[in-house]
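Next comes upload_12.pdb, a file with PDB, C-alpha atoms, pLDDT in the B column.
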```
ATOM      1  CA  MET Y   1      60.014 186.324 113.070  1.00 81.00           C
ATOM      2  CA  ILE Y   2      57.013 184.569 114.642  1.00 84.00           C
ATOM      3  CA  PRO Y   3      57.445 180.878 115.589  1.00 81.00           C
ATOM      4  CA  LEU Y   4      54.717 178.736 114.057  1.00 87.00           C
ATOM      5  CA  THR Y   5      53.713 175.148 114.831  1.00 86.00           C
ATOM      6  CA  PHE Y   6      52.886 172.183 112.622  1.00 90.00           C
ATOM      7  CA  THR Y   7      51.623 168.822 113.893  1.00 89.00           C
ATOM      8  CA  THR Y   8      53.225 165.749 112.370  1.00 88.00           C
ATOM      9  CA  PRO Y   9      53.337 162.053 113.347  1.00 89.00           C
ATOM     10  CA  ARG Y  10      56.382 160.927 115.312  1.00 89.00           C
ATOM     11  CA  THR Y  11      57.900 157.489 115.855  1.00 94.00           C
ATOM     12  CA  ALA Y  12      58.558 157.078 119.564  1.00 96.00           C
ATOM     13  CA  ARG Y  13      60.751 154.473 121.252  1.00 96.00           C
ATOM     14  CA  TYR Y  14      60.370 152.648 124.541  1.00 98.00           C
ATOM     15  CA  LEU Y  15      61.807 149.775 126.528  1.00 97.00           C
ATOM     16  CA  SER Y  16      59.650 146.991 127.911  1.00 97.00           C
ATOM     17  CA  LEU Y  17      60.829 144.790 130.760  1.00 96.00           C
ATOM     18  CA  GLY Y  18      58.385 141.939 130.417  1.00 95.00           C
ATOM     19  CA  GLU Y  19      55.574 141.419 127.944  1.00 95.00           C
ATOM     20  CA  PRO Y  20      51.902 142.324 128.313  1.00 96.00           C
ATOM     21  CA  GLY Y  21      49.621 139.346 128.705  1.00 96.00           C
ATOM     22  CA  PRO Y  22      47.320 137.402 131.043  1.00 96.00           C
ATOM     23  CA  ALA Y  23      50.078 136.742 133.621  1.00 96.00           C
ATOM     24  CA  ILE Y  24      50.707 140.439 134.316  1.00 97.00           C
ATOM     25  CA  GLU Y  25      49.412 141.671 137.680  1.00 97.00           C
ATOM     26  CA  HIS Y  26      50.997 145.143 137.785  1.00 97.00           C
ATOM     27  CA  VAL Y  27      51.963 147.638 135.087  1.00 98.00           C
ATOM     28  CA  TRP Y  28      54.500 150.396 135.745  1.00 97.00           C
ATOM     29  CA  VAL Y  29      55.097 153.267 133.306  1.00 98.00           C
ATOM     30  CA  CYS Y  30      58.468 154.846 134.160  1.00 98.00           C
ATOM     31  CA  LEU Y  31      59.611 158.209 132.802  1.00 98.00           C
ATOM     32  CA  HIS Y  32      63.344 158.890 132.602  1.00 96.00           C
ATOM     33  CA  GLY Y  33      65.131 162.061 133.635  1.00 94.00           C
ATOM     34  CA  HIS Y  34      66.719 164.800 131.526  1.00 92.00           C
ATOM     35  CA  ASP Y  35      69.892 163.613 129.759  1.00 89.00           C
ATOM     36  CA  GLN Y  36      69.242 160.098 131.131  1.00 92.00           C
ATOM     37  CA  PRO Y  37      69.352 157.275 128.570  1.00 93.00           C
ATOM     38  CA  VAL Y  38      66.336 155.010 129.007  1.00 95.00           C
ATOM     39  CA  GLY Y  39      68.645 152.033 129.554  1.00 93.00           C
ATOM     40  CA  ASP Y  40      70.212 153.747 132.560  1.00 92.00           C
ATOM     41  CA  LEU Y  41      66.821 154.084 134.237  1.00 93.00           C
ATOM     42  CA  ALA Y  42      66.062 150.457 133.403  1.00 94.00           C
ATOM     43  CA  GLU Y  43      69.251 149.466 135.204  1.00 92.00           C
ATOM     44  CA  GLN Y  44      68.157 151.339 138.328  1.00 89.00           C
ATOM     45  CA  LEU Y  45      64.791 149.563 138.219  1.00 91.00           C
ATOM     46  CA  ARG Y  46      66.111 146.046 137.665  1.00 89.00           C
ATOM     47  CA  ASN Y  47      64.896 144.928 141.116  1.00 89.00           C
ATOM     48  CA  LEU Y  48      61.340 145.536 139.894  1.00 92.00           C
ATOM     49  CA  ASP Y  49      61.688 143.212 136.907  1.00 92.00           C
ATOM     50  CA  THR Y  50      59.596 140.235 138.052  1.00 93.00           C
ATOM     51  CA  PRO Y  51      57.367 137.866 136.035  1.00 94.00           C
ATOM     52  CA  GLU Y  52      54.122 139.402 137.268  1.00 96.00           C
ATOM     53  CA  ARG Y  53      55.209 143.045 136.818  1.00 96.00           C
ATOM     54  CA  LEU Y  54      55.482 144.786 133.441  1.00 97.00           C
ATOM     55  CA  LEU Y  55      57.763 147.821 133.242  1.00 97.00           C
ATOM     56  CA  VAL Y  56      57.274 150.195 130.314  1.00 98.00           C
ATOM     57  CA  LEU Y  57      59.935 152.908 129.868  1.00 98.00           C
ATOM     58  CA  PRO Y  58      58.987 155.464 127.190  1.00 98.00           C
ATOM     59  CA  GLU Y  59      61.679 157.649 125.701  1.00 97.00           C
ATOM     60  CA  ALA Y  60      60.902 161.361 125.397  1.00 97.00           C
ATOM     61  CA  LEU Y  61      60.291 162.633 121.891  1.00 95.00           C
ATOM     62  CA  SER Y  62      63.162 165.145 121.722  1.00 94.00           C
ATOM     63  CA  ARG Y  63      66.243 162.974 121.213  1.00 93.00           C
ATOM     64  CA  TYR Y  64      69.831 164.161 120.933  1.00 89.00           C
ATOM     65  CA  GLU Y  65      73.375 162.856 121.132  1.00 92.00           C
ATOM     66  CA  LEU Y  66      75.157 162.689 124.490  1.00 89.00           C
ATOM     67  CA  PRO Y  67      78.934 162.611 124.941  1.00 89.00           C
ATOM     68  CA  PRO Y  68      80.202 159.047 124.474  1.00 84.00           C
ATOM     69  CA  THR Y  69      81.289 156.947 127.406  1.00 81.00           C
ATOM     70  CA  GLU Y  70      84.965 156.511 128.280  1.00 81.00           C
ATOM     71  CA  GLU Y  71      84.826 153.289 126.276  1.00 84.00           C
ATOM     72  CA  GLY Y  72      83.587 155.194 123.221  1.00 80.00           C
ATOM     73  CA  GLU Y  73      80.016 153.889 123.428  1.00 85.00           C
ATOM     74  CA  LEU Y  74      77.490 156.185 121.751  1.00 85.00           C
ATOM     75  CA  ARG Y  75      74.636 157.418 123.933  1.00 89.00           C
ATOM     76  CA  THR Y  76      71.305 159.105 123.269  1.00 89.00           C
ATOM     77  CA  GLY Y  77      69.547 161.491 125.623  1.00 91.00           C
ATOM     78  CA  ALA Y  78      66.027 162.843 125.410  1.00 94.00           C
ATOM     79  CA  ALA Y  79      63.969 165.665 126.904  1.00 95.00           C
ATOM     80  CA  TRP Y  80      60.269 165.768 127.759  1.00 96.00           C
ATOM     81  CA  PHE Y  81      59.979 169.516 127.263  1.00 93.00           C
ATOM     82  CA  ALA Y  82      61.901 172.618 126.213  1.00 90.00           C
ATOM     83  CA  PRO Y  83      61.707 175.956 128.055  1.00 87.00           C
ATOM     84  CA  ASP Y  84      60.335 177.846 125.046  1.00 87.00           C
ATOM     85  CA  SER Y  85      57.678 175.301 124.011  1.00 89.00           C
ATOM     86  CA  LEU Y  86      56.234 173.971 127.274  1.00 90.00           C
ATOM     87  CA  LEU Y  87      52.543 173.981 126.360  1.00 87.00           C
ATOM     88  CA  THR Y  88      52.916 172.197 123.040  1.00 91.00           C
ATOM     89  CA  ASP Y  89      55.405 169.756 124.550  1.00 92.00           C
ATOM     90  CA  PHE Y  90      52.950 168.946 127.357  1.00 93.00           C
ATOM     91  CA  ASP Y  91      50.220 168.318 124.779  1.00 93.00           C
ATOM     92  CA  ASP Y  92      52.491 166.045 122.761  1.00 94.00           C
ATOM     93  CA  LEU Y  93      53.668 163.994 125.730  1.00 95.00           C
ATOM     94  CA  GLY Y  94      50.059 163.576 126.893  1.00 95.00           C
ATOM     95  CA  VAL Y  95      48.927 162.212 123.531  1.00 95.00           C
ATOM     96  CA  TYR Y  96      51.987 159.948 123.309  1.00 97.00           C
ATOM     97  CA  LEU Y  97      51.826 158.536 126.838  1.00 97.00           C
ATOM     98  CA  ASP Y  98      48.046 158.092 126.802  1.00 97.00           C
ATOM     99  CA  ALA Y  99      48.204 156.076 123.587  1.00 96.00           C
ATOM    100  CA  LEU Y 100      51.150 153.914 124.664  1.00 97.00           C
ATOM    101  CA  THR Y 101      49.742 153.199 128.123  1.00 98.00           C
ATOM    102  CA  ASN Y 102      46.268 152.358 126.860  1.00 97.00           C
ATOM    103  CA  GLU Y 103      47.721 150.005 124.254  1.00 97.00           C
ATOM    104  CA  VAL Y 104      49.771 148.175 126.902  1.00 98.00           C
ATOM    105  CA  LEU Y 105      46.875 147.940 129.358  1.00 98.00           C
ATOM    106  CA  ALA Y 106      44.559 146.608 126.661  1.00 97.00           C
ATOM    107  CA  ALA Y 107      46.844 143.561 126.344  1.00 97.00           C
ATOM    108  CA  CYS Y 108      46.784 142.891 130.116  1.00 97.00           C
ATOM    109  CA  PRO Y 109      43.968 141.600 132.338  1.00 97.00           C
ATOM    110  CA  PRO Y 110      41.136 144.090 132.958  1.00 96.00           C
ATOM    111  CA  ALA Y 111      41.645 146.527 135.848  1.00 95.00           C
ATOM    112  CA  THR Y 112      45.385 145.778 136.104  1.00 97.00           C
ATOM    113  CA  PRO Y 113      46.805 148.328 138.619  1.00 97.00           C
ATOM    114  CA  LEU Y 114      48.891 151.058 136.999  1.00 98.00           C
ATOM    115  CA  THR Y 115      51.799 152.744 138.780  1.00 97.00           C
ATOM    116  CA  ILE Y 116      53.480 155.824 137.283  1.00 97.00           C
ATOM    117  CA  LEU Y 117      57.111 156.508 138.205  1.00 97.00           C
ATOM    118  CA  GLY Y 118      58.951 159.663 137.189  1.00 96.00           C
ATOM    119  CA  TYR Y 119      62.670 160.229 137.725  1.00 93.00           C
ATOM    120  CA  GLY Y 120      64.177 163.740 137.809  1.00 91.00           C
ATOM    121  CA  HIS Y 121      62.460 165.838 135.136  1.00 93.00           C
ATOM    122  CA  GLY Y 122      60.393 162.748 134.389  1.00 96.00           C
ATOM    123  CA  ALA Y 123      58.541 163.408 137.652  1.00 95.00           C
ATOM    124  CA  ALA Y 124      57.451 166.834 136.404  1.00 95.00           C
ATOM    125  CA  ALA Y 125      56.493 165.313 133.051  1.00 96.00           C
ATOM    126  CA  ALA Y 126      54.476 162.607 134.830  1.00 97.00           C
ATOM    127  CA  CYS Y 127      52.593 165.189 136.885  1.00 97.00           C
ATOM    128  CA  ARG Y 128      51.727 167.278 133.830  1.00 95.00           C
ATOM    129  CA  TRP Y 129      50.591 164.154 131.999  1.00 97.00           C
ATOM    130  CA  LEU Y 130      48.446 162.802 134.836  1.00 97.00           C
ATOM    131  CA  ALA Y 131      46.927 166.223 135.531  1.00 94.00           C
ATOM    132  CA  GLY Y 132      45.188 165.798 132.173  1.00 88.00           C
ATOM    133  CA  ASN Y 133      43.297 162.751 133.514  1.00 83.00           C
ATOM    134  CA  GLY Y 134      44.069 160.752 130.375  1.00 82.00           C
ATOM    135  CA  VAL Y 135      44.622 157.419 132.136  1.00 94.00           C
ATOM    136  CA  GLU Y 136      43.360 155.766 135.304  1.00 94.00           C
ATOM    137  CA  TYR Y 137      46.305 155.076 137.577  1.00 97.00           C
ATOM    138  CA  THR Y 138      46.708 153.626 141.058  1.00 96.00           C
ATOM    139  CA  ARG Y 139      49.591 155.696 142.439  1.00 96.00           C
ATOM    140  CA  LEU Y 140      52.399 158.067 141.494  1.00 97.00           C
ATOM    141  CA  ILE Y 141      56.046 157.682 142.512  1.00 95.00           C
ATOM    142  CA  MET Y 142      58.440 160.611 142.101  1.00 94.00           C
ATOM    143  CA  TYR Y 143      62.072 159.511 142.329  1.00 91.00           C
ATOM    144  CA  ALA Y 144      64.627 162.326 142.908  1.00 88.00           C
ATOM    145  CA  PRO Y 145      62.066 164.727 141.392  1.00 91.00           C
ATOM    146  CA  VAL Y 146      63.079 167.935 139.634  1.00 89.00           C
ATOM    147  CA  PHE Y 147      60.558 170.630 138.713  1.00 91.00           C
ATOM    148  CA  PRO Y 148      62.175 173.274 136.497  1.00 88.00           C
ATOM    149  CA  ALA Y 149      61.576 176.842 137.642  1.00 86.00           C
ATOM    150  CA  ASN Y 150      59.413 177.656 134.614  1.00 87.00           C
ATOM    151  CA  ILE Y 151      56.855 174.978 135.567  1.00 90.00           C
ATOM    152  CA  ASP Y 152      54.334 176.041 138.205  1.00 90.00           C
ATOM    153  CA  ARG Y 153      54.648 173.095 140.572  1.00 92.00           C
ATOM    154  CA  ARG Y 154      51.757 173.989 142.859  1.00 92.00           C
ATOM    155  CA  ALA Y 155      49.360 174.550 139.940  1.00 92.00           C
ATOM    156  CA  THR Y 156      50.425 171.225 138.439  1.00 94.00           C
ATOM    157  CA  LEU Y 157      49.960 169.276 141.659  1.00 96.00           C
ATOM    158  CA  VAL Y 158      46.548 170.739 142.437  1.00 95.00           C
ATOM    159  CA  ALA Y 159      45.262 169.346 139.125  1.00 95.00           C
ATOM    160  CA  LEU Y 160      46.275 165.766 139.969  1.00 96.00           C
ATOM    161  CA  PRO Y 161      43.565 163.222 140.815  1.00 95.00           C
ATOM    162  CA  GLU Y 162      43.372 162.098 144.436  1.00 94.00           C
ATOM    163  CA  ARG Y 163      45.789 159.178 144.304  1.00 95.00           C
ATOM    164  CA  PRO Y 164      48.601 158.196 146.691  1.00 95.00           C
ATOM    165  CA  VAL Y 165      51.951 159.842 145.989  1.00 96.00           C
ATOM    166  CA  LEU Y 166      55.364 158.564 147.097  1.00 94.00           C
ATOM    167  CA  VAL Y 167      58.416 160.847 146.959  1.00 93.00           C
ATOM    168  CA  VAL Y 168      61.701 158.913 146.901  1.00 90.00           C
ATOM    169  CA  SER Y 169      64.704 161.087 147.746  1.00 85.00           C
ATOM    170  CA  THR Y 170      68.399 160.322 147.844  1.00 76.00           C
ATOM    171  CA  THR Y 171      70.949 162.370 149.730  1.00 68.00           C
ATOM    172  CA  THR Y 172      73.587 161.614 147.078  1.00 64.00           C
ATOM    173  CA  ASP Y 173      71.866 163.566 144.290  1.00 61.00           C
ATOM    174  CA  THR Y 174      73.566 166.973 144.236  1.00 54.00           C
ATOM    175  CA  TYR Y 175      70.872 168.519 142.040  1.00 53.00           C
ATOM    176  CA  THR Y 176      67.988 167.427 144.276  1.00 55.00           C
ATOM    177  CA  PRO Y 177      68.948 168.347 147.832  1.00 54.00           C
ATOM    178  CA  GLU Y 178      66.711 166.966 150.532  1.00 50.00           C
ATOM    179  CA  ALA Y 179      65.344 170.461 151.156  1.00 46.00           C
ATOM    180  CA  ALA Y 180      63.766 170.395 147.685  1.00 55.00           C
ATOM    181  CA  GLY Y 181      62.098 167.115 148.546  1.00 67.00           C
ATOM    182  CA  GLU Y 182      60.697 168.646 151.698  1.00 73.00           C
ATOM    183  CA  GLY Y 183      59.285 171.594 149.741  1.00 85.00           C
ATOM    184  CA  LEU Y 184      57.608 169.199 147.309  1.00 91.00           C
ATOM    185  CA  MET Y 185      56.144 167.222 150.186  1.00 91.00           C
ATOM    186  CA  GLN Y 186      54.675 170.384 151.672  1.00 91.00           C
ATOM    187  CA  ASP Y 187      53.138 171.326 148.333  1.00 93.00           C
ATOM    188  CA  LEU Y 188      51.611 167.854 147.973  1.00 94.00           C
ATOM    189  CA  LEU Y 189      50.064 168.005 151.422  1.00 92.00           C
ATOM    190  CA  ASP Y 190      48.876 171.582 150.917  1.00 94.00           C
ATOM    191  CA  VAL Y 191      46.878 170.608 147.809  1.00 94.00           C
ATOM    192  CA  GLY Y 192      45.263 167.713 149.689  1.00 94.00           C
ATOM    193  CA  LEU Y 193      47.115 164.712 148.269  1.00 95.00           C
ATOM    194  CA  SER Y 194      48.084 161.697 150.351  1.00 93.00           C
ATOM    195  CA  ALA Y 195      51.900 161.720 150.221  1.00 94.00           C
ATOM    196  CA  GLN Y 196      54.799 159.894 151.835  1.00 92.00           C
ATOM    197  CA  GLN Y 197      58.559 160.383 151.523  1.00 90.00           C
ATOM    198  CA  ARG Y 198      61.332 157.785 151.727  1.00 88.00           C
ATOM    199  CA  LEU Y 199      65.106 158.147 151.589  1.00 84.00           C
ATOM    200  CA  VAL Y 200      67.272 155.716 149.647  1.00 82.00           C
ATOM    201  CA  ASP Y 201      70.920 155.310 148.701  1.00 77.00           C
ATOM    202  CA  ALA Y 202      72.111 155.731 145.129  1.00 70.00           C
ATOM    203  CA  GLY Y 203      71.934 152.757 142.790  1.00 71.00           C
ATOM    204  CA  PRO Y 204      69.229 150.179 142.046  1.00 78.00           C
ATOM    205  CA  LEU Y 205      66.057 150.922 143.964  1.00 78.00           C
ATOM    206  CA  PRO Y 206      65.062 148.312 146.553  1.00 75.00           C
ATOM    207  CA  LEU Y 207      61.530 147.002 146.239  1.00 77.00           C
ATOM    208  CA  ALA Y 208      60.631 148.055 149.769  1.00 72.00           C
ATOM    209  CA  SER Y 209      61.482 151.700 149.089  1.00 75.00           C
ATOM    210  CA  LEU Y 210      58.833 151.820 146.370  1.00 79.00           C
ATOM    211  CA  GLY Y 211      56.221 149.781 148.171  1.00 74.00           C
ATOM    212  CA  ALA Y 212      56.487 147.223 145.400  1.00 75.00           C
ATOM    213  CA  SER Y 213      57.079 144.360 147.801  1.00 70.00           C
ATOM    214  CA  ALA Y 214      53.614 144.968 149.262  1.00 66.00           C
ATOM    215  CA  GLU Y 215      51.795 144.721 145.922  1.00 78.00           C
ATOM    216  CA  ALA Y 216      49.189 141.996 145.970  1.00 56.00           C
TER     217      ALA Y 216
END
```
Could you spell out this file's structure in structure tokens?
Amino acid sequence: MIPLTFTTPRTARYLSLGEPGPAIEHVWVCLHGHDQPVGDLAEQLRNLDTPERLLVLPEALSRYELPPTEEGELRTGAAWFAPDSLLTDFDDLGVYLDALTNEVLAACPPATPLTILGYGHGAAAACRWLAGNGVEYTRLIMYAPVFPANIDRRATLVALPERPVLVVSTTTDTYTPEAAGEGLMQDLLDVGLSAQQRLVDAGPLPLASLGASAEA
């Protein structure tokens, strides 16, 4: 049997903390991690929810059911890519995220700064997306980043535009030990990108750790 592909329209979902409009001064597009409901990432980013900042949280296209909470609440997870369909998944997420981001920016003042934040696998997805140069962005933030072994991290990073990169690491994440963050930092510097790393505790991210408090 030979796997074949067929392109079909999809209905994607996303959360928006704030509404696009003339009062928006900063737009953030935030990509969730593997098995992470979009609402959980929104909770971690609640300190960023200010009147002048618009947070857009797309949900990956491959949705599936997660085990319910102890209270019996149903949950949905989503994945940006599958190990046996990486190239087509990267193409799909690029088309999806380009279209969504451009639509949001079109409703905001011209030249509104755009920050991209990726959490866990969302960091790898963000890098693959931005390596395609589909949108003009101001900076990239990778929070507890995870690059699966079947994604060539160095080749992905070298294709990124020359924009500032911030790596946010937490010592409480068992799947992203600090050593992995150090390896990523070395790769970023080796390919010539301007990169910084900050350590944070688990829970809602403080504005200072993301440089958001310095936005002007």
_Which of Y:Phe90, Y:Trp80, Y:Phe147, Y:Trp28 sits closest to Y:Ile116 [using all atoms listed in the file]_ =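 Distance minimum relative to Y:Ile116 lands on Y:Trp28.
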*asked:* Applying 12 Å and only C-alpha atoms, which residues near stretch 60-75 of chain Y remain after dropping the ones on its own chain fewer than 3 positions away? List them as a ChimeraX atom specification.
replied: /Y:9-15,30-40,57,78-82,85,89-97,121-122,125-126
Saved selection, atoms kept: C-alpha atoms, as a PDB file, in the frame of the given file:
```
ATOM      1  CA  PRO Y   9      53.337 162.053 113.347  1.00 89.00           C
ATOM      2  CA  ARG Y  10      56.382 160.927 115.312  1.00 89.00           C
ATOM      3  CA  THR Y  11      57.900 157.489 115.855  1.00 94.00           C
ATOM      4  CA  ALA Y  12      58.558 157.078 119.564  1.00 96.00           C
ATOM      5  CA  ARG Y  13      60.751 154.473 121.252  1.00 96.00           C
ATOM      6  CA  TYR Y  14      60.370 152.648 124.541  1.00 98.00           C
ATOM      7  CA  LEU Y  15      61.807 149.775 126.528  1.00 97.00           C
ATOM      8  CA  CYS Y  30      58.468 154.846 134.160  1.00 98.00           C
ATOM      9  CA  LEU Y  31      59.611 158.209 132.802  1.00 98.00           C
ATOM     10  CA  HIS Y  32      63.344 158.890 132.602  1.00 96.00           C
ATOM     11  CA  GLY Y  33      65.131 162.061 133.635  1.00 94.00           C
ATOM     12  CA  HIS Y  34      66.719 164.800 131.526  1.00 92.00           C
ATOM     13  CA  ASP Y  35      69.892 163.613 129.759  1.00 89.00           C
ATOM     14  CA  GLN Y  36      69.242 160.098 131.131  1.00 92.00           C
ATOM     15  CA  PRO Y  37      69.352 157.275 128.570  1.00 93.00           C
ATOM     16  CA  VAL Y  38      66.336 155.010 129.007  1.00 95.00           C
ATOM     17  CA  GLY Y  39      68.645 152.033 129.554  1.00 93.00           C
ATOM     18  CA  ASP Y  40      70.212 153.747 132.560  1.00 92.00           C
ATOM     19  CA  LEU Y  57      59.935 152.908 129.868  1.00 98.00           C
ATOM     20  CA  ALA Y  78      66.027 162.843 125.410  1.00 94.00           C
ATOM     21  CA  ALA Y  79      63.969 165.665 126.904  1.00 95.00           C
ATOM     22  CA  TRP Y  80      60.269 165.768 127.759  1.00 96.00           C
ATOM     23  CA  PHE Y  81      59.979 169.516 127.263  1.00 93.00           C
ATOM     24  CA  ALA Y  82      61.901 172.618 126.213  1.00 90.00           C
ATOM     25  CA  SER Y  85      57.678 175.301 124.011  1.00 89.00           C
ATOM     26  CA  ASP Y  89      55.405 169.756 124.550  1.00 92.00           C
ATOM     27  CA  PHE Y  90      52.950 168.946 127.357  1.00 93.00           C
ATOM     28  CA  ASP Y  91      50.220 168.318 124.779  1.00 93.00           C
ATOM     29  CA  ASP Y  92      52.491 166.045 122.761  1.00 94.00           C
ATOM     30  CA  LEU Y  93      53.668 163.994 125.730  1.00 95.00           C
ATOM     31  CA  GLY Y  94      50.059 163.576 126.893  1.00 95.00           C
ATOM     32  CA  VAL Y  95      48.927 162.212 123.531  1.00 95.00           C
ATOM     33  CA  TYR Y  96      51.987 159.948 123.309  1.00 97.00           C
ATOM     34  CA  LEU Y  97      51.826 158.536 126.838  1.00 97.00           C
ATOM     35  CA  HIS Y 121      62.460 165.838 135.136  1.00 93.00           C
ATOM     36  CA  GLY Y 122      60.393 162.748 134.389  1.00 96.00           C
ATOM     37  CA  ALA Y 125      56.493 165.313 133.051  1.00 96.00           C
ATOM     38  CA  ALA Y 126      54.476 162.607 134.830  1.00 97.00           C
TER      39      ALA Y 126
END
```
*Enter the distance from atom CA of Y:Val200 to atom CA of Y:Gly183, in Å, rounded to one decimal.*
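Pair atom CA of Y:Val200 / atom CA of Y:Gly183 returns 17.8 Å.
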*Tell me which residues the PyMOL selection byres ((chain Y and resi 159) around 12) grabs here, as an MDAnalysis selection string.*
chainID Y and resid 127:133 152:158 160:163 188 191:193
Box in all listed atoms of stretch 59-71 of chain Y, axis-aligned, with 5 Å more on each side; write out centre and edge lengths in Å to one decimal as AutoDock Vina command-line options.
```
--center_x 72.6 --center_y 159.2 --center_z 124.6 --size_x 34.7 --size_y 21.9 --size_z 17.3
```
_Distance in Å - atom CA of Y:Val135 versus atom CA of Y:Glu59_ =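 So the two atoms, atom CA of Y:Val135 and atom CA of Y:Glu59, lie 18.2 Å apart.
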*Find the residue from Y:Ser16, Y:Asn150, Y:Thr76, Y:Thr50 that sits nearest to Y:Thr101; use all atoms listed in the file when measuring.*
Y:Ser16
*Best match for closeness to Y:Ala111 among Y:Met185, Y:Asn47, Y:Pro164, Y:His26, counting all atoms listed in the file*: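 Residue with the minimum atom-to-atom distance to Y:Ala111: Y:His26.
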*To one decimal in Å, tell me the separation between atom CA of Y:Met142 and atom CA of Y:Pro109.*
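We find that atom CA of Y:Met142 and atom CA of Y:Pro109 lie 25.8 Å from each other.
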*Using the chain letters and numbers from the file, give me the residues hit by the PyMOL selection byres ((chain Y and resi 144) around 7), as a ChimeraX atom specification.*
/Y:119-120,142-143,145-146,168-170,176
*Name every residue that the PyMOL selection byres ((chain Y and resi 24) around 10) selects in this structure, writing the answer as a list of chain:residue names with chains first and numbers rising.*
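Listing what the PyMOL selection byres ((chain Y and resi 24) around 10) selects in the shown file: Y:Gly18, Y:Glu19, Y:Pro20, Y:Gly21, Y:Pro22, Y:Ala23, Y:Glu25, Y:His26, Y:Val27, Y:Thr50, Y:Pro51, Y:Glu52, Y:Arg53, Y:Leu54, Y:Leu105, Y:Ala107, Y:Cys108, Y:Pro109, Y:Thr112, Y:Pro113.
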Would you pick out the contacts of stretch 204-214 of chain Y at 8 Å or less, using all atoms listed in the file, so that residues sharing its chain but fewer than 4 positions from it are not included, and give the list as an mmCIF file with C-alpha atoms, in the frame of the given file?
```
data_model
loop_
_atom_site.group_PDB
_atom_site.id
_atom_site.type_symbol
_atom_site.label_atom_id
_atom_site.label_comp_id
_atom_site.auth_asym_id
_atom_site.auth_seq_id
_atom_site.Cartn_x
_atom_site.Cartn_y
_atom_site.Cartn_z
ATOM 1 C CA GLU Y 43 69.251 149.466 135.204
ATOM 2 C CA GLN Y 44 68.157 151.339 138.328
ATOM 3 C CA LEU Y 45 64.791 149.563 138.219
ATOM 4 C CA ARG Y 46 66.111 146.046 137.665
ATOM 5 C CA ASN Y 47 64.896 144.928 141.116
ATOM 6 C CA LEU Y 48 61.340 145.536 139.894
ATOM 7 C CA ILE Y 141 56.046 157.682 142.512
ATOM 8 C CA LEU Y 166 55.364 158.564 147.097
ATOM 9 C CA VAL Y 168 61.701 158.913 146.901
ATOM 10 C CA ARG Y 198 61.332 157.785 151.727
ATOM 11 C CA LEU Y 199 65.106 158.147 151.589
ATOM 12 C CA VAL Y 200 67.272 155.716 149.647
#
```
*Taking only C-alpha atoms into account, which of Y:Leu140, Y:Val56, Y:Ala124, Y:Ala195 comes nearest Y:Glu103?*
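Closest residue, counting only C-alpha atoms: Y:Val56.
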*Looking at Y:Pro3, Y:Leu100, Y:Pro110, Y:Ala149, which one is nearest to Y:Val29, with distances taken over all atoms listed in the file?*
Y:Leu100
Output as a compact mmCIF listing (two decimals), in the frame of the given file: stretch 26-34 of chain Y, completed with N, CA, C and O atoms.
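Listing of selection-v8.txt after writing:
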```
# COMPACT_ATOMS: atom_id res chain seq x y z
N HIS Y 26 50.71 143.73 137.53
CA HIS Y 26 51.00 145.14 137.78
C HIS Y 26 51.71 145.72 136.57
O HIS Y 26 52.63 145.10 136.03
N VAL Y 27 51.29 146.91 136.17
CA VAL Y 27 51.96 147.64 135.09
C VAL Y 27 52.54 148.92 135.66
O VAL Y 27 51.87 149.66 136.39
N TRP Y 28 53.83 149.16 135.35
CA TRP Y 28 54.50 150.40 135.74
C TRP Y 28 54.93 151.13 134.48
O TRP Y 28 55.59 150.54 133.61
N VAL Y 29 54.58 152.40 134.37
CA VAL Y 29 55.10 153.27 133.31
C VAL Y 29 56.10 154.21 133.96
O VAL Y 29 55.76 154.95 134.89
N CYS Y 30 57.35 154.17 133.48
CA CYS Y 30 58.47 154.85 134.16
C CYS Y 30 59.10 155.87 133.21
O CYS Y 30 59.56 155.50 132.12
N LEU Y 31 59.11 157.12 133.64
CA LEU Y 31 59.61 158.21 132.80
C LEU Y 31 61.01 158.61 133.25
O LEU Y 31 61.23 158.94 134.41
N HIS Y 32 61.94 158.60 132.31
CA HIS Y 32 63.34 158.89 132.60
C HIS Y 32 63.57 160.37 132.87
O HIS Y 32 62.70 161.22 132.62
N GLY Y 33 64.76 160.69 133.35
CA GLY Y 33 65.13 162.06 133.64
C GLY Y 33 65.77 162.74 132.43
O GLY Y 33 66.04 162.12 131.39
N HIS Y 34 66.06 164.03 132.58
CA HIS Y 34 66.72 164.80 131.53
C HIS Y 34 68.15 164.29 131.34
O HIS Y 34 68.87 164.07 132.31
```
